[in-house]
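> Input file: coords.csv. Contents: CSV, C-alpha atoms.
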```csv
chain,number,residue,atom,x,y,z
A,1,MET,CA,-8.2,26.6,-13.6
A,2,ASN,CA,-4.5,26.1,-14.5
A,3,ALA,CA,-4.1,23.3,-12.1
A,4,PRO,CA,-2.0,20.4,-13.5
A,5,ASP,CA,-3.8,17.1,-14.1
A,6,ARG,CA,-3.7,14.8,-11.1
A,7,PHE,CA,-2.5,11.9,-13.2
A,8,GLU,CA,0.7,13.8,-14.2
A,9,LEU,CA,2.0,12.4,-10.9
A,10,PHE,CA,2.2,8.9,-12.3
A,11,VAL,CA,1.5,8.9,-16.0
A,12,LEU,CA,4.4,9.3,-18.3
A,13,GLY,CA,4.0,12.5,-20.4
A,14,GLU,CA,4.0,12.6,-24.2
A,15,GLY,CA,7.5,11.6,-25.4
A,16,GLN,CA,8.8,11.5,-21.9
A,17,LYS,CA,11.4,8.8,-21.1
A,18,LYS,CA,11.1,6.8,-18.0
A,19,LEU,CA,14.8,6.7,-17.4
A,20,THR,CA,17.6,8.8,-18.7
A,21,ILE,CA,21.3,8.4,-18.0
A,22,THR,CA,23.7,11.4,-17.9
A,23,PRO,CA,27.3,10.4,-17.4
A,24,ASP,CA,29.2,12.8,-15.1
A,25,THR,CA,31.5,15.2,-17.0
A,26,LYS,CA,34.0,15.6,-14.2
A,27,LEU,CA,34.1,12.3,-12.3
A,28,PRO,CA,35.0,8.9,-13.8
A,29,ASN,CA,32.5,6.0,-13.1
A,30,ALA,CA,29.8,8.4,-12.1
A,31,ALA,CA,26.4,9.1,-13.6
A,32,THR,CA,23.1,10.8,-12.8
A,33,PHE,CA,19.9,8.8,-13.5
A,34,THR,CA,16.6,10.7,-13.9
A,35,ILE,CA,13.6,8.4,-13.3
A,36,GLN,CA,10.3,10.0,-14.3
A,37,LYS,CA,7.1,9.6,-12.4
A,38,GLU,CA,8.6,7.8,-9.4
A,39,ASP,CA,8.9,9.0,-5.8
A,40,HIS,CA,10.5,8.2,-2.5
A,41,THR,CA,9.1,4.7,-2.6
A,42,VAL,CA,11.4,3.7,-5.4
A,43,GLY,CA,14.1,6.3,-4.8
A,44,ASN,CA,14.9,5.4,-1.2
A,45,MET,CA,14.8,1.6,-1.9
A,46,LEU,CA,17.3,2.0,-4.8
A,47,ARG,CA,19.6,4.2,-2.7
A,48,MET,CA,19.7,1.8,0.2
A,49,GLN,CA,20.2,-1.2,-2.1
A,50,LEU,CA,23.0,0.5,-3.9
A,51,LEU,CA,24.7,1.5,-0.7
A,52,LYS,CA,24.8,-2.1,0.4
A,53,ASN,CA,27.1,-2.8,-2.6
A,54,LYS,CA,30.9,-2.5,-1.8
A,55,LYS,CA,31.6,-1.3,-5.3
A,56,VAL,CA,29.3,1.7,-4.9
A,57,LEU,CA,31.2,4.7,-3.6
A,58,PHE,CA,28.3,7.1,-3.6
A,59,ALA,CA,24.6,6.8,-4.1
A,60,GLY,CA,22.0,9.5,-3.4
A,61,TYR,CA,18.7,10.5,-4.6
A,62,LYS,CA,16.4,13.6,-4.5
A,63,VAL,CA,13.0,14.6,-5.6
A,64,PRO,CA,13.9,18.0,-7.0
A,65,HIS,CA,10.6,19.8,-6.5
A,66,PRO,CA,7.1,18.7,-5.3
A,67,LEU,CA,5.7,19.7,-8.7
A,68,GLU,CA,8.4,17.8,-10.7
A,69,HIS,CA,7.4,14.2,-10.5
A,70,CYS,CA,10.8,12.6,-10.9
A,71,ILE,CA,13.7,11.4,-8.9
A,72,ILE,CA,17.3,12.2,-9.5
A,73,LEU,CA,19.7,9.4,-8.6
A,74,LYS,CA,23.5,9.9,-8.5
A,75,ILE,CA,25.8,7.0,-8.4
A,76,GLN,CA,29.6,6.8,-8.3
A,77,THR,CA,31.3,3.4,-8.4
A,78,THR,CA,34.8,1.9,-8.2
A,79,PRO,CA,36.8,1.9,-11.5
A,80,ASP,CA,36.2,-1.9,-12.2
A,81,THR,CA,32.5,-1.4,-12.9
A,82,THR,CA,29.9,1.2,-14.1
A,83,PRO,CA,27.0,2.9,-12.4
A,84,GLU,CA,24.7,1.3,-14.9
A,85,ALA,CA,25.8,-2.2,-14.0
A,86,MET,CA,25.4,-1.4,-10.3
A,87,LEU,CA,21.9,0.0,-10.8
A,88,MET,CA,21.1,-3.1,-12.8
A,89,GLU,CA,22.3,-5.3,-9.9
A,90,ALA,CA,20.2,-3.2,-7.4
A,91,PHE,CA,17.1,-3.8,-9.6
A,92,ASP,CA,17.8,-7.5,-9.7
A,93,GLU,CA,18.3,-7.7,-6.0
A,94,LEU,CA,15.1,-5.8,-5.2
A,95,ILE,CA,13.0,-7.8,-7.7
A,96,LYS,CA,14.3,-10.9,-6.0
A,97,GLU,CA,13.6,-9.6,-2.5
A,98,PHE,CA,10.0,-8.7,-3.4
A,99,SER,CA,9.4,-12.1,-4.9
A,100,THR,CA,10.7,-13.9,-1.8
A,101,ILE,CA,8.6,-11.7,0.4
A,102,ARG,CA,5.5,-12.4,-1.7
A,103,ASN,CA,6.2,-16.1,-1.7
A,104,LYS,CA,6.5,-16.0,2.1
A,105,PHE,CA,3.2,-14.2,2.4
A,106,GLU,CA,1.5,-16.6,0.1
A,107,VAL,CA,2.7,-19.6,2.1
A,108,ILE,CA,1.8,-18.0,5.4
A,109,PHE,CA,-1.7,-16.9,4.3
A,110,PHE,CA,-2.3,-20.5,3.2
A,111,PHE,CA,-1.0,-21.9,6.4
A,112,PHE,CA,-2.9,-19.4,8.5
A,113,PHE,CA,-6.2,-20.7,7.4
A,114,PHE,CA,-5.0,-24.3,7.8
A,115,PHE,CA,-3.8,-23.6,11.4
A,116,PHE,CA,-6.9,-21.8,12.2
A,117,PHE,CA,-9.0,-24.7,11.1
A,118,PHE,CA,-6.7,-27.1,12.9
A,119,PHE,CA,-7.0,-25.4,16.3
A,120,PHE,CA,-10.7,-24.8,15.8
A,121,SER,CA,-11.3,-28.5,15.2
A,122,ILE,CA,-9.1,-29.5,18.3
A,123,ASN,CA,-11.2,-27.1,20.4
A,124,ILE,CA,-14.4,-28.8,19.2
A,125,PHE,CA,-12.9,-32.2,19.9
A,126,PHE,CA,-12.0,-31.2,23.5
A,127,PHE,CA,-15.3,-29.6,24.1
A,128,TYR,CA,-16.9,-32.8,22.9
A,129,ILE,CA,-14.8,-35.0,25.3
A,130,PHE,CA,-15.4,-32.6,28.2
A,131,ASN,CA,-19.1,-32.7,27.6
A,132,LEU,CA,-19.1,-36.5,27.6
A,133,GLU,CA,-17.6,-36.5,31.1
B,1,MET,CA,-1.7,-19.7,19.0
B,2,ASN,CA,-2.3,-18.0,15.7
B,3,ASP,CA,1.1,-16.4,15.7
B,4,ILE,CA,2.9,-18.4,13.1
B,5,SER,CA,6.0,-17.7,11.1
B,6,LEU,CA,7.4,-19.4,8.1
B,7,SER,CA,10.7,-20.1,9.7
B,8,ALA,CA,8.9,-22.1,12.4
B,9,ILE,CA,7.3,-24.2,9.7
B,10,THR,CA,10.3,-24.7,7.4
B,11,GLY,CA,12.9,-24.7,10.2
B,12,PHE,CA,15.4,-22.3,8.6
B,13,ASP,CA,15.7,-18.6,8.8
B,14,SER,CA,17.2,-16.6,6.0
B,15,GLY,CA,16.2,-13.5,4.1
B,16,PRO,CA,13.0,-11.7,4.8
B,17,THR,CA,10.7,-13.3,7.4
B,18,VAL,CA,7.0,-12.8,7.9
B,19,GLN,CA,5.1,-13.3,11.1
B,20,LEU,CA,1.4,-13.2,10.8
B,21,LYS,CA,-0.4,-12.3,14.1
B,22,GLU,CA,-3.9,-11.5,13.1
B,23,LEU,CA,-5.8,-11.9,9.9
B,24,GLU,CA,-9.4,-11.2,9.1
B,25,SER,CA,-10.9,-10.1,5.8
B,26,ASP,CA,-10.7,-6.4,6.7
B,27,HIS,CA,-7.9,-6.4,9.2
B,28,ILE,CA,-4.3,-7.7,9.4
B,29,LYS,CA,-1.4,-7.5,11.8
B,30,PHE,CA,2.0,-8.9,10.9
B,31,SER,CA,5.7,-8.2,11.3
B,32,LEU,CA,8.4,-8.3,8.7
B,33,SER,CA,12.0,-8.9,9.6
B,34,ASN,CA,15.4,-9.1,7.9
B,35,VAL,CA,14.5,-6.4,5.4
B,36,ASP,CA,15.8,-2.9,5.1
B,37,LEU,CA,13.9,0.1,6.5
B,38,SER,CA,13.5,1.5,3.0
B,39,VAL,CA,11.9,-1.7,1.7
B,40,ALA,CA,9.6,-1.9,4.7
B,41,ASN,CA,8.6,1.7,4.3
B,42,GLY,CA,8.2,1.1,0.5
B,43,ILE,CA,5.6,-1.6,1.2
B,44,ARG,CA,3.7,0.7,3.5
B,45,ARG,CA,3.7,3.5,0.9
B,46,ALA,CA,2.7,1.1,-1.9
B,47,MET,CA,-0.2,-0.3,0.1
B,48,ILE,CA,-1.5,3.3,0.7
B,49,ALA,CA,-0.9,4.8,-2.7
B,50,ASP,CA,-0.3,2.2,-5.4
B,51,VAL,CA,-3.0,-0.5,-4.9
B,52,PRO,CA,-5.8,0.2,-7.4
B,53,THR,CA,-9.5,0.1,-6.4
B,54,MET,CA,-12.8,1.5,-7.7
B,55,ALA,CA,-14.3,4.7,-6.5
B,56,ILE,CA,-17.0,7.1,-7.8
B,57,ASP,CA,-15.3,9.7,-9.9
B,58,LEU,CA,-18.0,11.4,-12.0
B,59,VAL,CA,-21.5,12.3,-10.7
B,60,GLU,CA,-24.2,13.6,-13.0
B,61,ILE,CA,-26.9,15.1,-10.8
B,62,GLU,CA,-30.4,15.2,-12.3
B,63,THR,CA,-32.4,16.4,-9.3
B,64,ASN,CA,-31.2,17.5,-6.0
B,65,THR,CA,-33.7,19.2,-3.7
B,66,THR,CA,-31.9,18.2,-0.5
B,67,VAL,CA,-30.3,20.8,1.7
B,68,LEU,CA,-26.8,19.6,0.6
B,69,THR,CA,-25.2,21.2,-2.4
B,70,ASP,CA,-24.4,19.1,-5.5
B,71,GLU,CA,-20.6,19.2,-5.0
B,72,PHE,CA,-21.0,18.3,-1.4
B,73,ILE,CA,-23.0,15.2,-2.3
B,74,ALA,CA,-20.6,14.3,-5.1
B,75,HIS,CA,-17.7,14.4,-2.7
B,76,ARG,CA,-19.5,12.2,-0.2
B,77,LEU,CA,-20.3,9.7,-3.0
B,78,GLY,CA,-16.6,9.6,-4.0
B,79,LEU,CA,-15.5,8.6,-0.6
B,80,ILE,CA,-17.9,5.5,-0.4
B,81,PRO,CA,-15.8,2.4,-0.7
B,82,LEU,CA,-16.8,0.0,-3.4
B,83,THR,CA,-15.9,-3.7,-3.4
B,84,SER,CA,-12.9,-3.9,-5.7
B,85,THR,CA,-11.7,-7.5,-5.6
B,86,ASP,CA,-9.6,-8.3,-8.7
B,87,VAL,CA,-10.1,-4.8,-10.1
B,88,ASP,CA,-6.4,-5.1,-11.1
B,89,LYS,CA,-7.3,-7.7,-13.7
B,90,ASN,CA,-10.9,-6.9,-14.6
B,91,PHE,CA,-10.7,-3.2,-15.3
B,92,ALA,CA,-8.6,-0.8,-17.3
B,93,TYR,CA,-7.8,2.8,-16.3
B,94,THR,CA,-10.1,5.1,-18.2
B,95,ARG,CA,-7.2,7.1,-19.6
B,96,GLU,CA,-5.7,3.9,-21.1
B,97,CYS,CA,-9.0,2.5,-22.3
B,98,ASN,CA,-9.8,2.6,-26.1
B,99,CYS,CA,-13.2,4.2,-25.6
B,100,THR,CA,-13.7,7.9,-26.0
B,101,ASP,CA,-15.3,8.7,-22.7
B,102,TYR,CA,-15.8,5.7,-20.5
B,103,CYS,CA,-17.2,2.2,-21.1
B,104,ASN,CA,-17.9,-1.1,-19.3
B,105,LEU,CA,-14.2,-2.0,-19.5
B,106,CYS,CA,-13.0,0.9,-17.5
B,107,SER,CA,-16.0,2.1,-15.4
B,108,VAL,CA,-19.1,1.1,-13.6
B,109,GLU,CA,-22.4,3.0,-13.5
B,110,LEU,CA,-24.2,3.4,-10.2
B,111,ASN,CA,-27.6,5.1,-9.9
B,112,LEU,CA,-29.4,6.7,-7.0
B,113,ASN,CA,-33.0,7.7,-7.2
B,114,VAL,CA,-34.8,8.4,-3.9
B,115,LYS,CA,-37.6,10.7,-2.8
B,116,CYS,CA,-39.0,11.3,0.6
B,117,THR,CA,-42.7,10.9,0.7
B,118,GLU,CA,-43.3,10.3,4.4
B,119,ASP,CA,-43.6,13.0,7.0
B,120,ARG,CA,-40.3,12.2,8.7
B,121,THR,CA,-36.6,12.5,8.1
B,122,MET,CA,-35.3,10.0,5.6
B,123,GLU,CA,-31.8,8.8,5.4
B,124,VAL,CA,-30.2,8.2,2.0
B,125,THR,CA,-27.4,5.7,2.4
B,126,SER,CA,-25.0,3.9,0.2
B,127,ARG,CA,-27.4,0.9,0.1
B,128,GLU,CA,-29.7,2.9,-2.2
B,129,LEU,CA,-26.9,3.1,-4.9
B,130,ILE,CA,-27.8,0.6,-7.6
B,131,SER,CA,-24.8,-0.7,-9.4
B,132,GLN,CA,-24.8,-2.0,-13.0
B,133,ASN,CA,-22.0,-4.4,-12.1
B,134,ASP,CA,-22.6,-7.0,-9.3
B,135,ASN,CA,-18.9,-7.1,-8.5
B,136,ILE,CA,-18.6,-3.4,-7.9
B,137,VAL,CA,-21.1,-2.4,-5.2
B,138,PRO,CA,-20.9,-0.2,-2.1
B,139,VAL,CA,-19.3,-2.0,0.8
B,140,THR,CA,-21.6,-3.4,3.5
B,141,ILE,CA,-20.5,-5.7,6.4
B,142,ASP,CA,-23.7,-7.7,6.6
B,143,ASP,CA,-27.4,-7.5,6.0
B,144,GLN,CA,-27.9,-5.5,9.2
B,145,ASP,CA,-25.4,-2.8,8.1
B,146,PRO,CA,-27.4,0.3,7.3
B,147,GLY,CA,-24.8,1.5,4.8
B,148,ILE,CA,-23.0,4.8,4.7
B,149,LEU,CA,-25.1,8.0,5.1
B,150,ILE,CA,-25.1,10.2,2.0
B,151,ALA,CA,-27.8,12.8,2.9
B,152,LYS,CA,-30.9,13.3,5.1
B,153,MET,CA,-34.1,14.4,3.5
B,154,ARG,CA,-37.5,15.7,4.7
B,155,LYS,CA,-40.8,15.3,3.0
B,156,GLY,CA,-40.9,16.3,-0.7
B,157,GLN,CA,-37.1,16.4,-1.2
B,158,GLU,CA,-35.6,14.3,-4.0
B,159,LEU,CA,-32.2,13.1,-5.0
B,160,LYS,CA,-31.6,11.5,-8.4
B,161,LEU,CA,-28.2,11.1,-9.9
B,162,LYS,CA,-25.9,8.9,-11.9
B,163,CYS,CA,-22.4,8.0,-10.8
B,164,ILE,CA,-19.5,6.7,-12.8
B,165,ALA,CA,-17.0,4.7,-10.7
B,166,LYS,CA,-13.5,4.4,-12.2
B,167,LYS,CA,-10.3,2.6,-11.3
B,168,GLY,CA,-7.6,4.6,-9.7
B,169,THR,CA,-4.9,4.6,-7.0
B,170,GLY,CA,-4.5,6.5,-3.7
B,171,LYS,CA,-1.7,8.5,-5.4
B,172,GLU,CA,-4.4,10.4,-7.3
B,173,HIS,CA,-6.9,10.8,-4.6
B,174,ALA,CA,-7.2,9.2,-1.1
B,175,LYS,CA,-10.7,7.8,-2.0
B,176,TRP,CA,-8.9,5.1,-4.1
B,177,SER,CA,-6.7,4.0,-1.2
B,178,PRO,CA,-7.8,0.5,-0.1
B,179,VAL,CA,-6.5,1.0,3.5
B,180,CYS,CA,-7.5,3.2,6.4
B,181,GLY,CA,-3.9,4.2,7.1
B,182,VAL,CA,-1.2,1.7,7.9
B,183,GLY,CA,0.2,1.3,11.4
B,184,PHE,CA,3.9,1.0,11.0
B,185,ASP,CA,6.3,0.6,13.9
B,186,TYR,CA,9.9,-0.4,14.5
B,187,ASP,CA,12.3,-0.3,17.4
B,188,PRO,CA,9.6,0.2,20.1
B,189,TYR,CA,12.2,0.9,22.8
B,190,ASN,CA,13.8,3.6,20.7
B,191,LYS,CA,17.2,2.0,21.0
B,192,LEU,CA,18.3,3.4,17.7
B,193,ARG,CA,17.3,6.9,18.7
B,194,HIS,CA,15.5,7.5,15.5
B,195,THR,CA,13.0,9.6,17.5
B,196,THR,CA,13.3,12.1,20.2
B,197,TYR,CA,10.4,12.1,22.7
B,198,TRP,CA,8.9,15.4,23.7
B,199,ILE,CA,8.5,15.2,27.5
B,200,GLU,CA,7.3,17.2,30.4
B,201,ASP,CA,9.1,15.4,33.2
B,202,ASP,CA,9.6,11.7,32.7
B,203,GLU,CA,9.8,9.8,29.4
B,204,LYS,CA,8.8,6.4,30.8
B,205,THR,CA,5.4,7.6,32.2
B,206,GLU,CA,4.6,9.9,29.4
B,207,TRP,CA,5.4,7.6,26.5
B,208,PRO,CA,4.0,4.1,27.3
B,209,LEU,CA,5.6,1.3,25.3
B,210,SER,CA,3.8,0.0,22.3
B,211,GLU,CA,2.3,-3.5,22.2
B,212,ASN,CA,5.2,-4.5,19.9
B,213,ALA,CA,7.7,-3.9,22.7
B,214,LYS,CA,7.1,-7.4,24.2
B,215,GLU,CA,8.6,-8.9,21.1
B,216,GLU,CA,11.9,-7.2,21.6
B,217,GLN,CA,14.7,-7.2,24.1
B,218,PRO,CA,14.4,-4.2,26.5
B,219,PRO,CA,17.6,-2.1,26.6
B,220,ILE,CA,20.0,-2.8,29.4
B,221,GLU,CA,20.6,0.0,31.9
B,222,GLY,CA,23.8,1.9,31.1
B,223,GLU,CA,24.3,0.1,27.7
B,224,PRO,CA,26.5,2.1,25.4
B,225,PHE,CA,24.8,3.4,22.3
B,226,ASP,CA,25.3,1.2,19.3
B,227,TYR,CA,25.6,3.6,16.4
B,228,ASN,CA,26.0,0.8,13.8
B,229,ALA,CA,22.6,-0.8,14.7
B,230,VAL,CA,19.9,-0.8,12.0
B,231,PRO,CA,16.2,-1.5,12.4
B,232,ASN,CA,15.4,-5.1,11.5
B,233,LYS,CA,11.9,-5.9,12.5
B,234,PHE,CA,8.9,-3.9,11.3
B,235,TYR,CA,5.4,-4.1,12.7
B,236,TYR,CA,2.4,-3.5,10.5
B,237,LYS,CA,-1.2,-3.3,11.5
B,238,PHE,CA,-4.0,-2.0,9.3
B,239,GLU,CA,-7.6,-2.1,8.4
B,240,THR,CA,-9.0,-1.9,4.9
B,241,THR,CA,-11.8,0.3,3.9
B,242,GLY,CA,-13.7,-2.9,3.0
B,243,SER,CA,-13.0,-2.6,-0.7
B,244,MET,CA,-10.4,-5.3,-0.7
B,245,GLU,CA,-9.3,-8.3,1.5
B,246,ALA,CA,-6.4,-7.3,3.8
B,247,LYS,CA,-4.2,-10.1,2.5
B,248,ASP,CA,-4.9,-9.1,-1.1
B,249,VAL,CA,-3.8,-5.5,-0.3
B,250,VAL,CA,-0.4,-6.9,0.9
B,251,LEU,CA,0.1,-9.2,-2.0
B,252,SER,CA,-1.0,-6.6,-4.5
B,253,SER,CA,1.4,-4.0,-3.1
B,254,LEU,CA,4.3,-6.5,-3.4
B,255,ASN,CA,3.3,-7.3,-7.0
B,256,ILE,CA,3.1,-3.6,-7.9
B,257,LEU,CA,6.6,-2.9,-6.4
B,258,GLN,CA,8.1,-5.8,-8.2
B,259,ALA,CA,6.5,-4.7,-11.5
B,260,LYS,CA,7.9,-1.2,-10.9
B,261,PHE,CA,11.4,-2.4,-10.7
B,262,ASP,CA,10.9,-4.8,-13.5
B,263,GLU,CA,9.8,-1.9,-15.7
B,264,LEU,CA,12.8,0.2,-14.6
B,265,ARG,CA,15.1,-2.7,-15.3
B,266,ASN,CA,13.9,-3.2,-18.8
B,267,GLU,CA,14.1,0.6,-19.4
B,268,LEU,CA,17.7,0.6,-18.2
B,269,LYS,CA,18.5,-2.4,-20.5
B,270,ARG,CA,17.0,-0.6,-23.5
B,271,GLU,CA,18.9,2.6,-22.6
B,272,GLN,CA,22.2,0.6,-22.4
B,273,ASN,CA,21.6,-1.1,-25.7
B,274,MET,CA,20.9,2.3,-27.4
B,275,ASN,CA,24.1,3.7,-26.0
B,276,GLN,CA,26.1,0.8,-27.4
B,277,TYR,CA,24.9,1.5,-31.0
B,278,ASN,CA,25.4,5.2,-30.9
```
Turn this file's structure into structure tokens for me.

Amino acid sequence: MNAPDRFELFVLGEGQKKLTITPDTKLPNAATFTIQKEDHTVGNMLRMQLLKNKKVLFAGYKVPHPLEHCIILKIQTTPDTTPEAMLMEAFDELIKEFSTIRNKFEVIFFFFFFFFFFFFSINIFFFYIFNLE
Amino acid sequence: MNDISLSAITGFDSGPTVQLKELESDHIKFSLSNVDLSVANGIRRAMIADVPTMAIDLVEIETNTTVLTDEFIAHRLGLIPLTSTDVDKNFAYTRECNCTDYCNLCSVELNLNVKCTEDRTMEVTSRELISQNDNIVPVTIDDQDPGILIAKMRKGQELKLKCIAKKGTGKEHAKWSPVCGVGFDYDPYNKLRHTTYWIEDDEKTEWPLSENAKEEQPPIEGEPFDYNAVPNKFYYKFETTGSMEAKDVVLSSLNILQAKFDELRNELKREQNMNQYN
């Protein structure tokens, strides 16, 4: 009866912000990002992408509670940059990565049918020759 | 013969690489290399939970004199896969649609009206569901396919109902998932020791190698453990429910992930601009 709606898992609530930045009060070049309605799919990818960057000193994420549909991402960077800039770089890298993967899939799906047709026609050709003999 | 990779065609190898091993309309097998584990797993998760399809969501039962209860039948109807090619473009989510309840832009009506008049057991299948939209119909393999069993009736029993199919994702309910689970495998020899096998006596006999093992170098006896090693090649294999083409599921999941990061990127940009003016 008081069950929360299923779509609360992925639909942004009234007046809810997708992304909020909270600068760390104690550490320089550190911030906490709260991303609403996202889960481990995005969280883990962001964390791993951030950790690849030499300027990122710390990157970690958590899903605070199974009923809270958000991820909390903490980033600390070297003094010559900001966590926001590093997160932006991670987004750019991931967007680029997915577009290359998609392009490769598109090409390969195209070629797959081509190759299939190619081998199929060769088989028919040999079958034909074989039968002639 | 059918195992082709893009690097073999283009002659260079950099960045993510895809090797396609099997492809049929409802089944695919491929491997993805030079990506991070998190990205590979993200694709798997997106294919299961984020690719939208159509599924029956509302059922209005007019007559049900079968032995099965209304909710039982409603649940069975929900799990019937409907052909959902291009649902992404052609339909809106009901909650985002302008209509008050549901309309043709966000839903499809399917009707079922059967009565058993013969003196034998009659099977009501998904073939008896009449869709108002020719593009959204219950999945059948061919003309011989008897369809999915909904209920069995004896003489005099009747089932009459109206279904509303809506667009949704596997995140909300598994009935909207376009895939029957995704086989995901990496490091078949367990060189990275990401897993610990539970064994009785001998690991080798109790845990046979997966078919993907033939694509990787077997470990050398007495080789020291490489603690810096990371997984590099990921093997996927899955079947769809029939609602979408296997290749479309893959492409759609990649588009969705890209769109997700695009949205977050714009959101971050806006947030940064706001902070500048404050």
> For chain B, report every residue with an atom at most 7 Å from chain A (counting all atoms listed in the file), formatted as a count of residues only.
17
> Could you jot down the atom CA of Pro178 of chain B to atom CA of Val249 of chain B separation for me, Å, one decimal place?
7.2 Å
> Given all atoms listed in the file as the basis, pick out the residue of A:Asn2, A:Thr82, A:Asn53, A:Gln76 nearest to Leu27 of chain A.
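Counting all atoms listed in the file, the residue closest to Leu27 of chain A is A:Gln76.
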> Enter the distance from atom CA of Glu216 of chain B to atom CA of Lys52 of chain A, in Å, rounded to one decimal.
25.3 Å
> One number please: atom CA of Met122 of chain B to atom CA of Val67 of chain B, in Å, one decimal.
12.5 Å
> So that I can check the surroundings of Tyr186 of chain B, please list as a ChimeraX atom specification every protein, DNA and RNA residue that reaches within 7 Å of it, counting all atoms listed in the file and ignoring chain neighbours fewer than 3 positions away.
/B:231,233-235
> Could those selected residues go to a file with C-alpha atoms, as a PDB file, in the coordinates of the input?

```
ATOM      1  CA  PRO B 231      16.200  -1.500  12.400  1.00  0.00           C
ATOM      2  CA  LYS B 233      11.900  -5.900  12.500  1.00  0.00           C
ATOM      3  CA  PHE B 234       8.900  -3.900  11.300  1.00  0.00           C
ATOM      4  CA  TYR B 235       5.400  -4.100  12.700  1.00  0.00           C
TER       5      TYR B 235
END
```
> Around (-9.9, 5.1, -0.2) in the file's own coordinates, what residues are found within 10 Å if you use all atoms listed in the file, given back as JSON, numbers by chain?
{"B": [48, 49, 52, 53, 54, 55, 78, 79, 80, 81, 82, 168, 169, 170, 173, 174, 175, 176, 177, 178, 179, 180, 181, 240, 241, 242, 243]}
> Find the residues around Glu60 of chain B up to 9 Å (only C-alpha atoms counted), leave out those fewer than 2 positions away in its own chain, and share them as a PyMOL selection string.
chain B and resi 58+62+74+160-164
> Starting from the incomplete input, reconstruct N, CA, C and O atoms of segment 187-198 of chain B and write that as a CSV table (one decimal), in the frame of the given file.

```
chain,number,residue,atom,x,y,z
B,187,ASP,N,11.5,-0.7,16.3
B,187,ASP,CA,12.3,-0.3,17.4
B,187,ASP,C,11.4,0.4,18.5
B,187,ASP,O,11.6,1.5,18.8
B,188,PRO,N,10.5,-0.4,19.2
B,188,PRO,CA,9.6,0.2,20.1
B,188,PRO,C,10.3,0.8,21.3
B,188,PRO,O,9.8,1.7,22.0
B,189,TYR,N,11.5,0.3,21.7
B,189,TYR,CA,12.2,0.9,22.8
B,189,TYR,C,13.1,2.1,22.4
B,189,TYR,O,13.8,2.7,23.3
B,190,ASN,N,13.0,2.5,21.2
B,190,ASN,CA,13.8,3.6,20.7
B,190,ASN,C,15.3,3.5,21.0
B,190,ASN,O,16.0,4.4,21.3
B,191,LYS,N,15.8,2.3,20.8
B,191,LYS,CA,17.2,2.0,21.0
B,191,LYS,C,18.1,2.7,20.0
B,191,LYS,O,19.2,3.1,20.2
B,192,LEU,N,17.5,2.8,18.8
B,192,LEU,CA,18.3,3.4,17.7
B,192,LEU,C,18.3,4.9,17.7
B,192,LEU,O,18.9,5.6,16.9
B,193,ARG,N,17.4,5.5,18.6
B,193,ARG,CA,17.3,6.9,18.7
B,193,ARG,C,16.9,7.6,17.4
B,193,ARG,O,17.4,8.6,17.1
B,194,HIS,N,16.0,6.9,16.7
B,194,HIS,CA,15.5,7.5,15.5
B,194,HIS,C,14.5,8.6,15.8
B,194,HIS,O,14.1,9.4,15.0
B,195,THR,N,14.0,8.6,17.1
B,195,THR,CA,13.0,9.6,17.5
B,195,THR,C,13.4,10.2,18.8
B,195,THR,O,14.2,9.6,19.6
B,196,THR,N,13.0,11.5,19.0
B,196,THR,CA,13.3,12.1,20.2
B,196,THR,C,11.9,12.4,20.8
B,196,THR,O,11.1,13.1,20.2
B,197,TYR,N,11.7,11.9,22.0
B,197,TYR,CA,10.4,12.1,22.7
B,197,TYR,C,10.3,13.5,23.3
B,197,TYR,O,11.2,14.0,24.0
B,198,TRP,N,9.2,14.1,23.0
B,198,TRP,CA,8.9,15.4,23.7
B,198,TRP,C,8.3,15.1,25.1
B,198,TRP,O,7.4,14.4,25.2
```
